[in-house]
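Visitor: Dropping in run_1.pdb, with PDB, C-alpha atoms.
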ATOM      1  CA  MET A 269      14.007 -36.419  18.678
ATOM      2  CA  LYS A 270      12.230 -33.059  18.730
ATOM      3  CA  THR A 271       9.164 -32.869  20.968
ATOM      4  CA  GLU A 272       6.234 -30.982  19.457
ATOM      5  CA  ARG A 273       5.293 -28.052  21.655
ATOM      6  CA  LYS A 274       1.666 -28.125  20.463
ATOM      7  CA  ARG A 275      -0.254 -31.170  21.622
ATOM      8  CA  ASN A 276      -4.022 -31.717  21.629
ATOM      9  CA  GLY A 277      -4.773 -28.033  21.150
ATOM     10  CA  TRP A 278      -2.351 -26.775  23.821
ATOM     11  CA  TYR A 279       1.137 -25.294  23.564
ATOM     12  CA  TYR A 280       3.765 -26.324  26.123
ATOM     13  CA  ILE A 281       6.366 -23.567  26.081
ATOM     14  CA  GLY A 282       8.954 -23.547  28.852
ATOM     15  CA  ASN A 283       7.059 -24.154  32.078
ATOM     16  CA  LYS A 284       3.820 -22.613  30.784
ATOM     17  CA  VAL A 285       0.785 -24.090  29.050
ATOM     18  CA  TYR A 286      -1.226 -21.995  26.588
ATOM     19  CA  PRO A 287      -4.421 -22.866  24.696
ATOM     20  CA  SER A 288      -3.937 -22.532  20.950
ATOM     21  CA  ILE A 289      -5.913 -19.789  19.278
ATOM     22  CA  THR A 290      -7.418 -22.502  17.048
ATOM     23  CA  LYS A 291      -8.791 -24.293  20.113
ATOM     24  CA  ILE A 292     -10.181 -21.035  21.509
ATOM     25  CA  LEU A 293     -11.992 -20.246  18.256
ATOM     26  CA  GLN A 294     -13.292 -23.802  17.871
ATOM     27  CA  GLU A 295     -14.828 -23.809  21.341
ATOM     28  CA  THR A 296     -16.360 -20.327  21.262
ATOM     29  CA  LEU A 297     -17.555 -19.684  17.700
ATOM     30  CA  ALA A 298     -20.370 -21.338  15.784
ATOM     31  CA  LYS A 299     -18.864 -22.498  12.474
ATOM     32  CA  ASN A 300     -21.998 -22.115  10.338
ATOM     33  CA  ASN A 301     -20.070 -22.278   7.063
ATOM     34  CA  LEU A 302     -18.356 -25.483   8.158
ATOM     35  CA  LEU A 303     -21.626 -27.042   9.290
ATOM     36  CA  TYR A 304     -23.158 -26.199   5.900
ATOM     37  CA  TRP A 305     -20.177 -27.810   4.149
ATOM     38  CA  TYR A 306     -20.569 -31.015   6.185
ATOM     39  CA  ALA A 307     -24.297 -31.185   5.470
ATOM     40  CA  ARG A 308     -23.842 -30.480   1.751
ATOM     41  CA  GLU A 309     -21.088 -33.044   1.284
ATOM     42  CA  ALA A 310     -22.938 -35.739   3.256
ATOM     43  CA  THR A 311     -26.039 -35.122   1.122
ATOM     44  CA  ARG A 312     -24.023 -35.361  -2.103
ATOM     45  CA  ILE A 313     -22.406 -38.624  -0.997
ATOM     46  CA  ALA A 314     -25.771 -40.163  -0.077
ATOM     47  CA  LEU A 315     -27.443 -39.044  -3.320
ATOM     48  CA  ALA A 316     -24.562 -40.310  -5.460
ATOM     49  CA  ASN A 317     -24.811 -43.790  -3.939
ATOM     50  CA  PRO A 318     -28.169 -44.503  -2.223
ATOM     51  CA  GLU A 319     -26.944 -47.976  -1.268
ATOM     52  CA  LEU A 320     -24.571 -46.561   1.348
ATOM     53  CA  ASN A 321     -25.729 -46.812   4.945
ATOM     54  CA  GLU A 322     -25.285 -44.059   7.533
ATOM     55  CA  LYS A 323     -21.881 -45.279   8.733
ATOM     56  CA  GLU A 324     -20.584 -45.592   5.168
ATOM     57  CA  VAL A 325     -21.708 -42.064   4.322
ATOM     58  CA  MET A 326     -19.937 -40.729   7.415
ATOM     59  CA  ALA A 327     -16.782 -42.717   6.608
ATOM     60  CA  THR A 328     -16.718 -41.251   3.090
ATOM     61  CA  LEU A 329     -17.269 -37.769   4.506
ATOM     62  CA  ASP A 330     -14.365 -38.318   6.914
ATOM     63  CA  LEU A 331     -12.110 -39.084   3.932
ATOM     64  CA  LYS A 332     -13.175 -35.788   2.314
ATOM     65  CA  VAL A 333     -12.325 -33.908   5.510
ATOM     66  CA  ARG A 334      -8.890 -35.529   5.607
ATOM     67  CA  ASP A 335      -8.332 -34.679   1.949
ATOM     68  CA  SER A 336      -9.166 -31.040   2.712
ATOM     69  CA  GLN A 337      -6.753 -30.992   5.663
ATOM     70  CA  ASN A 338      -3.996 -32.614   3.603
ATOM     71  CA  ARG A 339      -4.546 -30.076   0.824
ATOM     72  CA  GLY A 340      -4.138 -27.197   3.259
ATOM     73  CA  LYS A 341      -0.957 -28.673   4.715
ATOM     74  CA  TYR A 342       0.491 -29.299   1.260
ATOM     75  CA  VAL A 343      -0.179 -25.785  -0.011
ATOM     76  CA  HIS A 344       1.219 -24.290   3.196
ATOM     77  CA  SER A 345       4.383 -26.345   2.695
ATOM     78  CA  VAL A 346       4.682 -24.896  -0.824
ATOM     79  CA  ALA A 347       4.132 -21.378   0.544
ATOM     80  CA  GLU A 348       7.105 -21.947   2.872
ATOM     81  CA  GLU A 349       9.324 -22.404  -0.198
ATOM     82  CA  MET A 350       7.966 -19.568  -2.339
ATOM     83  CA  PRO A 351       9.117 -18.210  -4.691
ATOM     84  CA  ASN A 352      11.777 -20.925  -5.152
ATOM     85  CA  ILE A 353       9.594 -23.882  -6.057
ATOM     86  CA  ASP A 354       9.897 -26.495  -8.793
ATOM     87  CA  THR A 355       6.464 -26.455 -10.433
ATOM     88  CA  ALA A 356       7.231 -29.737 -12.199
ATOM     89  CA  LYS A 357       7.232 -31.474  -8.820
ATOM     90  CA  ILE A 358       3.873 -30.098  -7.644
ATOM     91  CA  ARG A 359       1.262 -32.817  -7.225
ATOM     92  CA  GLU A 360      -1.281 -32.726 -10.030
ATOM     93  CA  GLU A 361      -4.344 -32.329  -7.799
ATOM     94  CA  TYR A 362      -2.845 -29.229  -6.147
ATOM     95  CA  LYS A 363      -1.507 -27.393  -9.198
ATOM     96  CA  GLY A 364      -4.475 -25.003  -9.351
ATOM     97  CA  TYR A 365      -3.979 -23.874  -5.757
ATOM     98  CA  VAL A 366      -0.243 -23.405  -6.304
ATOM     99  CA  ALA A 367      -0.921 -21.435  -9.497
ATOM    100  CA  ALA A 368      -3.210 -19.148  -7.480
ATOM    101  CA  LEU A 369      -0.461 -18.704  -4.879
ATOM    102  CA  GLN A 370       2.034 -17.865  -7.601
ATOM    103  CA  GLY A 371      -0.430 -15.372  -9.076
ATOM    104  CA  TRP A 372      -0.823 -13.566  -5.754
ATOM    105  CA  TRP A 373       2.958 -13.570  -5.263
ATOM    106  CA  ALA A 374       3.617 -12.127  -8.734
ATOM    107  CA  VAL A 375       1.145  -9.280  -8.222
ATOM    108  CA  HIS A 376       2.007  -8.297  -4.626
ATOM    109  CA  LYS A 377       5.740  -9.161  -4.540
ATOM    110  CA  PRO A 378       6.035  -9.753  -0.777
ATOM    111  CA  GLU A 379       9.323  -9.237   1.061
ATOM    112  CA  VAL A 380       9.506 -12.215   3.417
ATOM    113  CA  ILE A 381      10.083 -11.501   7.116
ATOM    114  CA  GLY A 382       9.192 -14.907   8.553
ATOM    115  CA  ARG A 383       7.211 -18.098   7.982
ATOM    116  CA  GLU A 384       5.610 -20.574  10.388
ATOM    117  CA  ILE A 385       6.544 -18.587  13.494
ATOM    118  CA  GLU A 386       5.503 -19.945  16.887
ATOM    119  CA  VAL A 387       4.309 -17.047  19.068
ATOM    120  CA  TRP A 388       2.461 -16.501  22.344
ATOM    121  CA  SER A 389       0.900 -13.858  24.556
ATOM    122  CA  ASP A 390       1.358 -13.993  28.338
ATOM    123  CA  ARG A 391      -0.881 -10.936  28.637
ATOM    124  CA  LEU A 392      -3.912 -12.597  27.026
ATOM    125  CA  GLY A 393      -2.958 -16.232  27.616
ATOM    126  CA  PHE A 394      -2.754 -18.022  24.270
ATOM    127  CA  ALA A 395      -0.272 -19.264  21.692
ATOM    128  CA  CYS A 396      -0.405 -19.831  17.942
ATOM    129  CA  ARG A 397       1.618 -20.359  14.802
ATOM    130  CA  VAL A 398       1.786 -17.489  12.324
ATOM    131  CA  ASP A 399       1.852 -18.629   8.693
ATOM    132  CA  PHE A 400       3.488 -15.737   6.923
ATOM    133  CA  VAL A 401       4.839 -12.291   7.816
ATOM    134  CA  CYS A 402       6.008 -10.002   5.043
ATOM    135  CA  LYS A 403       6.285  -6.462   3.784
ATOM    136  CA  LEU A 404       3.895  -5.272   1.104
ATOM    137  CA  GLN A 405       4.742  -1.824  -0.259
ATOM    138  CA  GLY A 406       6.924  -1.186   2.784
ATOM    139  CA  GLU A 407       4.319  -2.113   5.442
ATOM    140  CA  ILE A 408       4.344  -5.243   7.604
ATOM    141  CA  TRP A 409       1.535  -7.749   7.107
ATOM    142  CA  ASN A 410       0.504 -10.931   8.898
ATOM    143  CA  ILE A 411      -1.026 -13.156   6.218
ATOM    144  CA  ASP A 412      -2.771 -16.522   6.240
ATOM    145  CA  PHE A 413      -3.282 -18.732   3.180
ATOM    146  CA  LYS A 414      -6.538 -20.665   2.840
ATOM    147  CA  THR A 415      -7.602 -23.203   0.207
ATOM    148  CA  ASN A 416     -11.165 -23.770  -0.994
ATOM    149  CA  ASP A 417     -12.973 -24.048  -4.275
ATOM    150  CA  LYS A 418     -14.791 -20.693  -4.113
ATOM    151  CA  CYS A 419     -12.052 -18.373  -2.784
ATOM    152  CA  GLN A 420     -14.035 -17.850   0.417
ATOM    153  CA  ILE A 421     -12.558 -16.088   3.445
ATOM    154  CA  TYR A 422     -14.441 -16.966   6.615
ATOM    155  CA  ASN A 423     -15.005 -14.570   9.505
ATOM    156  CA  GLU A 424     -12.930 -16.451  12.098
ATOM    157  CA  VAL A 425      -9.786 -15.984   9.983
ATOM    158  CA  GLY A 426      -9.647 -12.327  10.998
ATOM    159  CA  LEU A 427      -9.646 -13.199  14.702
ATOM    160  CA  GLN A 428      -6.901 -15.748  14.112
ATOM    161  CA  LEU A 429      -4.804 -13.106  12.346
ATOM    162  CA  CYS A 430      -5.502 -10.546  15.072
ATOM    163  CA  ALA A 431      -4.209 -13.035  17.640
ATOM    164  CA  GLY A 432      -1.063 -13.572  15.580
ATOM    165  CA  LYS A 433      -0.511  -9.828  15.354
ATOM    166  CA  ILE A 434      -0.754  -9.424  19.136
ATOM    167  CA  ALA A 435       1.515 -12.385  19.868
ATOM    168  CA  LEU A 436       4.105 -11.343  17.269
ATOM    169  CA  ALA A 437       4.468  -7.965  18.969
ATOM    170  CA  GLU A 438       4.678  -9.457  22.451
ATOM    171  CA  SER A 439       6.910 -12.499  21.922
ATOM    172  CA  LYS A 440       8.955 -11.548  18.828
ATOM    173  CA  ASP A 441       8.879  -7.726  18.847
ATOM    174  CA  ILE A 442       7.466  -7.713  15.303
ATOM    175  CA  LYS A 443       5.012  -4.831  14.899
ATOM    176  CA  VAL A 444       2.416  -5.839  12.313
ATOM    177  CA  GLU A 445       0.547  -2.995  10.613
ATOM    178  CA  HIS A 446      -1.989  -5.009   8.592
ATOM    179  CA  THR A 447      -3.574  -8.452   8.649
ATOM    180  CA  GLY A 448      -5.002 -10.242   5.631
ATOM    181  CA  ALA A 449      -6.109 -13.577   4.211
ATOM    182  CA  VAL A 450      -5.423 -15.031   0.775
ATOM    183  CA  ALA A 451      -7.941 -17.641  -0.407
ATOM    184  CA  LEU A 452      -6.631 -19.928  -3.155
ATOM    185  CA  SER A 453      -8.888 -21.959  -5.462
ATOM    186  CA  THR A 454      -8.352 -25.097  -7.517
ATOM    187  CA  THR A 455      -8.999 -23.074 -10.708
ATOM    188  CA  GLY A 456      -5.924 -20.900 -10.116
ATOM    189  CA  GLU A 457      -7.829 -17.850  -8.871
ATOM    190  CA  TYR A 458      -7.272 -16.052  -5.575
ATOM    191  CA  ALA A 459      -8.995 -13.535  -3.309
ATOM    192  CA  PHE A 460      -7.009 -11.211  -1.044
ATOM    193  CA  LYS A 461      -8.774  -9.408   1.796
ATOM    194  CA  GLU A 462      -7.507  -7.213   4.602
ATOM    195  CA  THR A 463      -9.093  -8.148   7.936
ATOM    196  CA  LYS A 464     -10.028  -5.659  10.644
ATOM    197  CA  ASP A 465     -10.783  -7.720  13.756
ATOM    198  CA  THR A 466      -9.789  -6.094  17.046
ATOM    199  CA  GLU A 467      -8.079  -7.028  20.286
ATOM    200  CA  GLU A 468     -11.268  -6.169  22.167
ATOM    201  CA  GLU A 469     -13.219  -8.794  20.198
ATOM    202  CA  LEU A 470     -10.503 -11.356  20.843
ATOM    203  CA  ILE A 471     -10.479 -10.612  24.579
ATOM    204  CA  HIS A 472     -14.215 -11.349  24.755
ATOM    205  CA  LEU A 473     -13.687 -14.751  23.115
ATOM    206  CA  ILE A 474     -10.769 -15.644  25.372
ATOM    207  CA  GLY A 475     -12.901 -14.705  28.380
ATOM    208  CA  LEU A 476     -15.677 -16.986  27.126
ATOM    209  CA  PHE A 477     -13.176 -19.791  26.516
ATOM    210  CA  ASN A 478     -11.785 -19.470  30.053
ATOM    211  CA  TRP A 479     -15.322 -19.551  31.454
ATOM    212  CA  ILE A 480     -16.073 -22.739  29.490
ATOM    213  CA  GLN A 481     -12.878 -24.350  30.781
ATOM    214  CA  LYS A 482     -13.831 -23.582  34.395
ATOM    215  CA  LYS A 483     -17.377 -24.917  33.941
ATOM    216  CA  GLU A 484     -16.025 -28.203  32.530
ATOM    217  CA  ARG A 485     -13.673 -28.884  35.448
TER     218      ARG A 485
END
Take the structure I supplied and represent it as structure tokens, if you would.
Guide:
Amino acid sequence: MKTERKRNGWYYIGNKVYPSITKILQETLAKNNLLYWYAREATRIALANPELNEKEVMATLDLKVRDSQNRGKYVHSVAEEMPNIDTAKIREEYKGYVAALQGWWAVHKPEVIGREIEVWSDRLGFACRVDFVCKLQGEIWNIDFKTNDKCQIYNEVGLQLCAGKIALAESKDIKVEHTGAVALSTTGEYAFKETKDTEEELIHLIGLFNWIQKKER
């Protein structure tokens, strides 16, 4: 049985323990867009059925969160198989997102270098999983796929991609030239944006994370 190297937000690689970049971002950045989404969805649930009590509203909201997480995992699993997918087997509720992914693929024609690569940085002290590394017009990109109804690309995605770029160079000797996010919508549309976050910005966040960890001990 294979033991997962990422557990509870930490990567256990060899004899070292690294915080995941997701954990670092979660504990240092205010997720205003996510907070707005929670508030909006909770309000919609309560207005749609005024008979629900507080616990029932929160339970329904929790189901929506799980649905969103499952959607992301499903679309990422499809991205791992692109372009060799059987569209007839795609689940009905996810066909729009997959169509958007296929649209991006047809336009940009990526040359796959790697998918779902586990990487780490001893220099900065973190680990993460890189979704997709490819060549676009001869240049190497680190790309992340996101799913939401409005093709939104949130600010923290750029920091996540910057971390992947640094760790790819250090642990896999893959020199990424560009980072970018592809947002996929249920209507089959996509948005593709190059991100420009820097190592300096990431270092500040990691420093803050380490300070928080020390204060909590």
Visitor: List the residues selected by the PyMOL selection byres ((chain A and resi 411) around 6) in the file shown, writing them as an MDAnalysis selection string.
Guide: chainID A and resid 400 410 412 447:449
Visitor: How would the residues just chosen look if you wrote them out with C-alpha atoms as a tab-separated table (two decimals), in the coordinates of the input?
Guide:
chain	number	residue	atom	x	y	z
A	400	PHE	CA	3.49	-15.74	6.92
A	410	ASN	CA	0.50	-10.93	8.90
A	412	ASP	CA	-2.77	-16.52	6.24
A	447	THR	CA	-3.57	-8.45	8.65
A	448	GLY	CA	-5.00	-10.24	5.63
A	449	ALA	CA	-6.11	-13.58	4.21
Visitor: Find the residue from A:Trp373, A:Tyr342, A:Tyr362, A:Phe394 that sits nearest to A:Pro287; use all atoms listed in the file when measuring.
Guide: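 The answer is A:Phe394, which sits nearest to A:Pro287.
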Visitor: Enumerate, in order of chain and increasing residue number, the residues of stretch 294-396 of chain A with an atom no farther than 7 Å from stretch 455-459 of chain A, each with its shortest atom pair and distance in Å to one decimal, counting all atoms listed in the file, as a Markdown table.
Guide:
| residue | atom | partner | partner_atom | distance |
| --- | --- | --- | --- | --- |
| A:Gly364 | CA | A:Gly456 | CA | 4.4 |
| A:Tyr365 | CA | A:Gly456 | CA | 5.6 |
| A:Ala367 | CA | A:Gly456 | CA | 5.1 |
| A:Ala368 | CA | A:Gly456 | CA | 4.2 |
| A:Trp372 | CA | A:Tyr458 | CA | 6.9 |
Visitor: What box, with edges along x, y and z, holds each listed atom of stretch 275-288 of chain A when 3 Å is added on every side, and can you state its centre and edge lengths in Å to one decimal, as lines of an AutoDock Vina configuration file?
Guide:
center_x = 2.1
center_y = -26.9
center_z = 26.5
size_x = 19.7
size_y = 15.7
size_z = 17.1
Visitor: Kindly give the distance, in Å, that separates atom CA of A:Val401 and atom CA of A:Lys291, rounded to a single decimal.
Guide: 21.9 Å
